[in-house]
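This is data-v7.cif (mmCIF, C-alpha atoms and all ligand atoms).
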```
data_work
loop_
_atom_site.label_atom_id
_atom_site.label_comp_id
_atom_site.auth_asym_id
_atom_site.auth_seq_id
_atom_site.Cartn_x
_atom_site.Cartn_y
_atom_site.Cartn_z
CA MET A 1478 -16.97 -236.63 8.46
CA GLU A 1479 -13.64 -236.24 10.18
CA ARG A 1480 -11.62 -233.21 9.06
CA LEU A 1481 -8.75 -235.13 7.41
CA ASP A 1482 -11.14 -237.52 5.63
CA ALA A 1483 -12.98 -234.52 4.23
CA TYR A 1484 -9.72 -233.09 2.83
CA ALA A 1485 -8.84 -236.47 1.31
CA GLU A 1486 -12.23 -236.69 -0.36
CA LYS A 1487 -11.98 -233.14 -1.66
CA LEU A 1488 -8.55 -233.74 -3.24
CA ASP A 1489 -9.46 -237.16 -4.62
CA THR A 1490 -12.59 -235.73 -6.24
CA ALA A 1491 -10.62 -232.79 -7.66
CA ALA A 1492 -8.20 -235.27 -9.29
CA LEU A 1493 -10.98 -237.54 -10.57
CA THR A 1494 -12.95 -234.70 -12.12
CA ALA A 1495 -9.91 -232.59 -13.19
CA THR A 1496 -11.30 -229.58 -11.34
CA ASP A 1497 -9.19 -227.24 -9.24
CA THR A 1498 -9.83 -226.64 -5.55
CA PRO A 1499 -8.77 -223.96 -3.01
CA GLN A 1500 -5.67 -224.52 -0.87
CA ILE A 1501 -6.36 -226.22 2.47
CA SER A 1502 -3.73 -224.20 4.34
CA ILE A 1503 -5.53 -220.93 3.67
CA GLU A 1504 -8.72 -222.00 5.43
CA ASP A 1505 -7.03 -224.20 8.04
CA ASN A 1506 -3.87 -222.63 9.40
CA SER A 1507 -3.41 -225.40 11.97
CA PHE A 1508 -2.89 -228.00 9.20
CA THR A 1509 0.43 -229.77 9.88
CA VAL A 1510 2.87 -231.73 7.69
CA GLU A 1511 2.07 -234.89 9.62
CA GLU A 1512 -1.65 -234.42 9.01
CA ALA A 1513 -0.94 -233.66 5.35
CA TYR A 1514 0.77 -237.05 4.91
CA GLN A 1515 -2.26 -238.66 6.60
CA VAL A 1516 -4.56 -236.93 4.11
CA GLN A 1517 -2.34 -238.19 1.29
CA ALA A 1518 -2.58 -241.77 2.59
CA LYS A 1519 -6.35 -241.46 2.95
CA SER A 1520 -6.77 -240.11 -0.58
CA ILE A 1521 -4.68 -242.99 -1.94
CA ASP A 1522 -6.82 -245.46 0.04
CA ARG A 1523 -9.78 -244.12 -1.93
CA ARG A 1524 -7.91 -245.01 -5.14
CA TYR A 1525 -7.09 -248.49 -3.85
CA ALA A 1526 -10.79 -248.94 -3.00
CA ARG A 1527 -11.54 -248.24 -6.68
CA GLY A 1528 -9.12 -251.00 -7.69
CA GLU A 1529 -5.91 -249.08 -8.33
CA LYS A 1530 -2.68 -250.81 -7.30
CA ARG A 1531 0.40 -249.38 -5.62
CA ILE A 1532 3.45 -249.37 -7.93
CA GLY A 1533 5.91 -247.31 -5.90
CA ILE A 1534 6.62 -243.76 -4.87
CA LYS A 1535 7.80 -240.43 -6.22
CA MET A 1536 10.16 -237.95 -4.65
CA GLY A 1537 9.53 -234.26 -5.23
CA LEU A 1538 11.39 -230.98 -4.88
CA THR A 1539 14.77 -232.72 -4.95
CA SER A 1540 16.35 -230.03 -7.14
CA ARG A 1541 16.84 -226.29 -6.64
CA ALA A 1542 15.11 -225.58 -9.97
CA LYS A 1543 11.96 -227.34 -8.78
CA MET A 1544 11.98 -225.73 -5.34
CA ILE A 1545 12.30 -222.27 -6.88
CA GLN A 1546 9.55 -222.90 -9.45
CA VAL A 1547 6.93 -223.71 -6.82
CA GLY A 1548 8.30 -221.72 -3.87
CA VAL A 1549 8.50 -224.68 -1.48
CA ASP A 1550 11.95 -225.72 -0.32
CA GLU A 1551 11.55 -229.11 1.32
CA VAL A 1552 11.84 -232.56 -0.18
CA ILE A 1553 8.44 -234.31 -0.32
CA TRP A 1554 7.11 -237.66 -1.50
CA GLY A 1555 3.95 -239.17 -2.91
CA ARG A 1556 2.45 -242.50 -3.87
CA LEU A 1557 2.16 -243.92 -7.40
CA THR A 1558 -0.53 -246.26 -8.70
CA ASN A 1559 -0.85 -248.32 -11.88
CA LYS A 1560 -3.53 -245.98 -13.21
CA MET A 1561 -0.98 -243.15 -13.44
CA VAL A 1562 1.24 -244.97 -15.94
CA LEU A 1563 1.15 -243.55 -19.47
CA GLU A 1564 2.41 -245.59 -22.37
CA GLU A 1565 5.71 -244.34 -23.80
CA GLY A 1566 5.36 -243.03 -27.36
CA ARG A 1567 1.62 -242.57 -27.05
CA THR A 1568 -0.65 -239.81 -25.80
CA LEU A 1569 -1.63 -237.84 -22.75
CA SER A 1570 -5.19 -236.59 -22.74
CA LYS A 1571 -5.00 -233.03 -21.38
CA SER A 1572 -8.68 -232.91 -20.45
CA LYS A 1573 -8.06 -235.54 -17.74
CA PHE A 1574 -5.82 -233.07 -15.88
CA VAL A 1575 -6.28 -229.60 -14.40
CA HIS A 1576 -3.04 -227.95 -15.63
CA PRO A 1577 -0.47 -230.65 -16.33
CA ARG A 1578 3.28 -230.10 -16.40
CA ILE A 1579 6.02 -232.51 -17.44
CA GLU A 1580 9.40 -232.87 -15.79
CA PRO A 1581 12.58 -234.81 -16.63
CA GLU A 1582 13.43 -237.50 -14.12
CA ILE A 1583 15.38 -240.69 -13.42
CA VAL A 1584 13.54 -243.73 -12.09
CA PHE A 1585 14.77 -246.66 -9.99
CA LEU A 1586 13.33 -250.19 -9.95
CA MET A 1587 13.90 -251.93 -6.63
CA LYS A 1588 15.08 -255.52 -6.24
CA LYS A 1589 15.45 -255.53 -2.44
CA GLU A 1590 13.58 -253.93 0.39
CA LEU A 1591 14.97 -250.62 1.69
CA LYS A 1592 14.02 -249.57 5.17
CA GLY A 1593 14.67 -246.38 7.10
CA ASN A 1594 18.19 -245.01 7.36
CA VAL A 1595 20.43 -246.49 4.68
CA THR A 1596 23.71 -245.50 3.04
CA ALA A 1597 24.05 -244.61 -0.64
CA LEU A 1598 25.86 -247.91 -1.18
CA GLU A 1599 23.07 -249.91 0.45
CA ALA A 1600 20.53 -247.99 -1.62
CA MET A 1601 22.34 -248.72 -4.92
CA ASN A 1602 22.72 -252.37 -3.97
CA ALA A 1603 18.94 -252.60 -3.59
CA VAL A 1604 18.34 -251.34 -7.16
CA GLU A 1605 17.45 -253.76 -9.95
CA ALA A 1606 17.47 -251.22 -12.79
CA ILE A 1607 17.44 -247.53 -13.68
CA GLY A 1608 15.69 -245.71 -16.49
CA PRO A 1609 14.72 -242.34 -17.95
CA ALA A 1610 11.31 -241.05 -16.93
CA MET A 1611 9.00 -238.10 -17.34
CA GLU A 1612 6.61 -237.27 -14.58
CA VAL A 1613 3.29 -235.58 -15.32
CA ILE A 1614 2.49 -233.43 -12.31
CA ASP A 1615 -0.86 -231.73 -11.88
CA SER A 1616 -1.55 -229.72 -8.77
CA ARG A 1617 -5.19 -229.91 -7.86
CA TYR A 1618 -4.94 -226.39 -6.40
CA GLU A 1619 -6.01 -223.22 -8.18
CA ASN A 1620 -3.24 -221.64 -10.27
CA PHE A 1621 -0.79 -224.43 -9.30
CA LYS A 1622 -0.21 -222.52 -6.03
CA PHE A 1623 0.30 -224.26 -2.71
CA ALA A 1624 2.13 -224.34 0.62
CA LEU A 1625 4.18 -227.35 1.78
CA THR A 1626 1.24 -228.96 3.61
CA ASP A 1627 -1.13 -228.48 0.67
CA VAL A 1628 1.13 -230.17 -1.86
CA ILE A 1629 1.87 -233.12 0.44
CA ALA A 1630 -1.88 -233.68 1.00
CA ASP A 1631 -2.34 -233.52 -2.79
CA ASN A 1632 -0.06 -236.55 -3.21
CA SER A 1633 2.82 -234.24 -4.14
CA SER A 1634 1.03 -233.32 -7.40
CA SER A 1635 1.59 -236.78 -8.88
CA SER A 1636 -0.74 -237.67 -11.70
CA GLY A 1637 1.15 -239.50 -14.44
CA LEU A 1638 4.45 -241.02 -15.47
CA VAL A 1639 6.19 -242.26 -18.61
CA ILE A 1640 9.05 -244.70 -18.23
CA GLY A 1641 11.70 -245.69 -20.78
CA ASN A 1642 13.86 -248.78 -21.10
CA TRP A 1643 15.46 -250.25 -18.01
CA HIS A 1644 19.24 -250.44 -17.73
CA LYS A 1645 21.52 -252.30 -15.37
CA PRO A 1646 22.37 -250.11 -12.39
CA ASP A 1647 26.11 -250.19 -13.11
CA ILE A 1648 25.82 -247.03 -15.26
CA ASP A 1649 27.24 -243.96 -13.49
CA ILE A 1650 24.18 -241.76 -12.99
CA SER A 1651 25.93 -238.99 -11.03
CA ASN A 1652 26.06 -236.47 -13.89
CA LEU A 1653 24.02 -237.47 -16.94
CA GLY A 1654 22.83 -234.82 -19.40
CA MET A 1655 19.04 -234.54 -19.48
CA ARG A 1656 17.35 -232.74 -22.34
CA LEU A 1657 13.63 -232.09 -22.65
CA THR A 1658 12.36 -231.05 -26.07
CA VAL A 1659 8.95 -229.87 -27.25
CA ASN A 1660 8.14 -230.61 -30.91
CA GLY A 1661 11.87 -231.07 -31.44
CA GLN A 1662 12.89 -227.72 -29.92
CA ASP A 1663 15.06 -227.60 -26.80
CA LYS A 1664 12.99 -226.64 -23.76
CA MET A 1665 14.88 -227.67 -20.61
CA PHE A 1666 18.44 -228.82 -20.24
CA GLY A 1667 19.95 -230.14 -17.05
CA SER A 1668 21.94 -232.84 -15.36
CA SER A 1669 21.06 -235.72 -13.07
CA ALA A 1670 23.50 -234.05 -10.64
CA ALA A 1671 20.80 -231.41 -10.06
CA ILE A 1672 18.86 -234.10 -8.15
CA LEU A 1673 20.30 -233.62 -4.64
CA GLY A 1674 23.84 -233.73 -6.11
CA HIS A 1675 23.31 -237.39 -7.13
CA PRO A 1676 19.99 -239.19 -7.76
CA VAL A 1677 20.91 -241.96 -5.32
CA ARG A 1678 20.46 -239.41 -2.53
CA SER A 1679 16.82 -239.17 -3.54
CA LEU A 1680 16.50 -242.93 -3.04
CA VAL A 1681 18.22 -242.68 0.37
CA SER A 1682 15.76 -239.92 1.33
CA ALA A 1683 12.85 -241.98 0.01
CA ALA A 1684 13.72 -244.92 2.27
CA ARG A 1685 13.97 -242.62 5.28
CA MET A 1686 10.85 -240.56 4.55
CA VAL A 1687 8.46 -243.44 3.82
CA ALA A 1688 9.60 -245.06 7.07
CA GLN A 1689 8.08 -242.09 8.90
CA SER A 1690 4.70 -243.30 7.60
CA GLY A 1691 5.53 -246.89 8.60
CA GLU A 1692 6.29 -247.96 5.03
CA THR A 1693 9.29 -249.44 3.21
CA LEU A 1694 10.46 -249.57 -0.39
CA LYS A 1695 9.67 -253.06 -1.63
CA PRO A 1696 11.10 -255.29 -4.37
CA GLY A 1697 9.33 -254.38 -7.62
CA ASP A 1698 8.58 -250.83 -6.49
CA ILE A 1699 9.60 -247.93 -8.68
CA VAL A 1700 11.01 -244.75 -7.16
CA MET A 1701 10.93 -241.53 -9.19
CA ALA A 1702 13.91 -239.38 -8.15
CA GLY A 1703 12.35 -235.94 -8.82
CA GLY A 1704 12.62 -233.35 -11.59
CA ALA A 1705 16.11 -232.23 -12.58
CA THR A 1706 14.83 -228.97 -14.09
CA GLU A 1707 11.72 -226.82 -13.86
CA ALA A 1708 8.58 -228.51 -15.12
CA HIS A 1709 7.13 -227.61 -18.54
CA ALA A 1710 3.41 -226.67 -18.69
CA VAL A 1711 2.07 -228.62 -21.68
CA SER A 1712 -0.26 -227.54 -24.49
CA ILE A 1713 -2.39 -229.61 -26.86
CA GLY A 1714 -0.44 -230.70 -29.94
CA GLU A 1715 2.95 -230.86 -28.27
CA THR A 1716 5.19 -233.90 -28.43
CA VAL A 1717 7.39 -233.77 -25.35
CA SER A 1718 10.55 -235.89 -25.39
CA LEU A 1719 13.26 -236.52 -22.87
CA THR A 1720 16.72 -237.81 -23.68
CA VAL A 1721 18.87 -238.88 -20.77
CA GLN A 1722 22.51 -239.45 -21.67
CA ASN A 1723 23.26 -243.21 -21.78
CA LEU A 1724 19.66 -244.10 -20.84
CA GLY A 1725 17.73 -243.26 -24.01
CA THR A 1726 14.80 -241.20 -25.22
CA ILE A 1727 11.10 -241.25 -24.32
CA SER A 1728 8.17 -239.25 -25.69
CA ILE A 1729 4.53 -238.44 -25.15
CA THR A 1730 2.12 -236.40 -27.29
CA VAL A 1731 -0.45 -234.11 -25.70
CA GLU A 1732 -3.97 -234.37 -27.14
CA ALA A 1733 -7.25 -232.81 -26.09
C1 LIG B 1 5.36 -230.69 -6.55
C2 LIG B 1 5.91 -232.02 -7.02
C3 LIG B 1 7.37 -231.90 -7.37
C4 LIG B 1 9.36 -233.00 -8.48
O1 LIG B 1 9.79 -233.85 -9.26
O2 LIG B 1 10.09 -232.15 -7.97
C5 LIG B 1 7.92 -233.02 -8.16
C6 LIG B 1 5.05 -229.77 -7.70
O3 LIG B 1 5.96 -229.20 -8.30
O4 LIG B 1 3.86 -229.60 -8.01
O5 LIG B 1 7.26 -233.93 -8.60
MG MG B 2 8.35 -235.06 -10.15
#
```

As structure tokens, how would this structure be written, given the file I've shared?
Amino acid sequence: MERLDAYAEKLDTAALTATDTPQISIEDNSFTVEEAYQVQAKSIDRRYARGEKRIGIKMGLTSRAKMIQVGVDEVIWGRLTNKMVLEEGRTLSKSKFVHPRIEPEIVFLMKKELKGNVTALEAMNAVEAIGPAMEVIDSRYENFKFALTDVIADNSSSSGLVIGNWHKPDIDISNLGMRLTVNGQDKMFGSSAAILGHPVRSLVSAARMVAQSGETLKPGDIVMAGGATEAHAVSIGETVSLTVQNLGTISITVEA
């Protein structure tokens, strides 16, 4: 089997079986960012072959807090499928993940295609709606430790998402309070401004970065802007809620 296909299979199997795997970059120090995105695409093709459908993309490491938490300081992206969607107000089954963490995000729903280099105004004009979202990330690597190439190959740790109600995009999202609670206790507090200064910049970056893989953002796609604070490592029995100022509250309960 070709080297990149073997990496894709290894990561896909790790995700399917919720088993951790060693970092690729440690054994293969010639592994490049470009190859890592190819591995990501190949691992997602394996999901499509099992019947999963593309629903959009996620941006990662778009805030300082996130970059510091994982020790990687470049913006990355990953692909989202319908199987990753968790129903708001319901449960997340921890045993389906290796070591899941939840992060507070903002999500965009696209109404027009966005391609390559676009301005913030063009990006906002292509948005149908915005909403509050929590991403469930789950690195397939041992101890949640990885280099830039590893995490890209691992679909930027994406594994689940919870989305709240959609709102018209005329709400000013530049500086909205975002509060993550666990069983009603404050856990993380931040602002949407932590996402590259303004979440729309994440959408602008998304359009540019997916173009490098020959893709575009399509009408109906969702785009997750990236965590505004550090991610919270979840435990069984926790109800994790996110309130985004003017956008509402969403919750998920962690079960075995
Ligand atoms: C990488 C994915 C980061 C975000 O929102 O910044 C991410 C990771 O932290 O495992 O999803
Ligand atoms: Mg995220």

Box for ligand LIG 1 (chain B): with edges along x, y and z, all listed atoms inside and 4 Å added on each side, what are the centre and edge lengths in Å to one decimal, as AutoDock Vina command-line options?
```
--center_x 7.0 --center_y -231.6 --center_z -7.9 --size_x 14.2 --size_y 12.7 --size_z 10.7
```

Answer as a ChimeraX atom specification, residues within 6 Å of (13.6, -231.6, -7.8) using only C-alpha atoms: /A:1537-1540,1543,1672,1703-1705

Residue among A:Glu1715, A:Asp1647, A:Asp1550, A:Glu1565 lying closest to ligand LIG 1 (chain B), counting all atoms listed in the file: A:Asp1550

Nearby residues (all atoms listed in the file) at most 12 Å from Lys1664 (chain A), same-chain spacing under 2 positions excluded, as number ranges by chain: A: 1579-1581, 1655-1662, 1666-1667, 1706-1711, 1715-1720

Generate the output file for the selected residues, C-alpha atoms, as a tab-separated table (two decimals), in the frame of the given file.
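Saved the output as result-v2.tsv:
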```
chain	number	residue	atom	x	y	z
A	1579	ILE	CA	6.02	-232.51	-17.44
A	1580	GLU	CA	9.40	-232.87	-15.79
A	1581	PRO	CA	12.58	-234.81	-16.63
A	1655	MET	CA	19.04	-234.54	-19.48
A	1656	ARG	CA	17.35	-232.74	-22.34
A	1657	LEU	CA	13.63	-232.09	-22.65
A	1658	THR	CA	12.36	-231.05	-26.07
A	1659	VAL	CA	8.95	-229.87	-27.25
A	1660	ASN	CA	8.14	-230.61	-30.91
A	1661	GLY	CA	11.87	-231.07	-31.44
A	1662	GLN	CA	12.89	-227.72	-29.92
A	1666	PHE	CA	18.44	-228.82	-20.24
A	1667	GLY	CA	19.95	-230.14	-17.05
A	1706	THR	CA	14.83	-228.97	-14.09
A	1707	GLU	CA	11.72	-226.82	-13.86
A	1708	ALA	CA	8.58	-228.51	-15.12
A	1709	HIS	CA	7.13	-227.61	-18.54
A	1710	ALA	CA	3.41	-226.67	-18.69
A	1711	VAL	CA	2.07	-228.62	-21.68
A	1715	GLU	CA	2.95	-230.86	-28.27
A	1716	THR	CA	5.19	-233.90	-28.43
A	1717	VAL	CA	7.39	-233.77	-25.35
A	1718	SER	CA	10.55	-235.89	-25.39
A	1719	LEU	CA	13.26	-236.52	-22.87
A	1720	THR	CA	16.72	-237.81	-23.68
```

Selection near Lys1560 (chain A), 9 Å with only C-alpha atoms, sequence-local residues under 4 positions removed, as a VMD selection string: chain A and resid 1529 to 1530 1636 to 1637

CA of Arg1567 (chain A) to CA of Gly1725 (chain A), distance in Å rounded to a single decimal: 16.4 Å

Exercise answer, 10 Å around ligand LIG 1 (chain B) with all atoms listed in the file, as a PyMOL selection string: chain A and resi 1535-1549+1551-1555+1577-1583+1611-1618+1621-1623+1625+1627-1629+1631-1636+1672+1701-1708
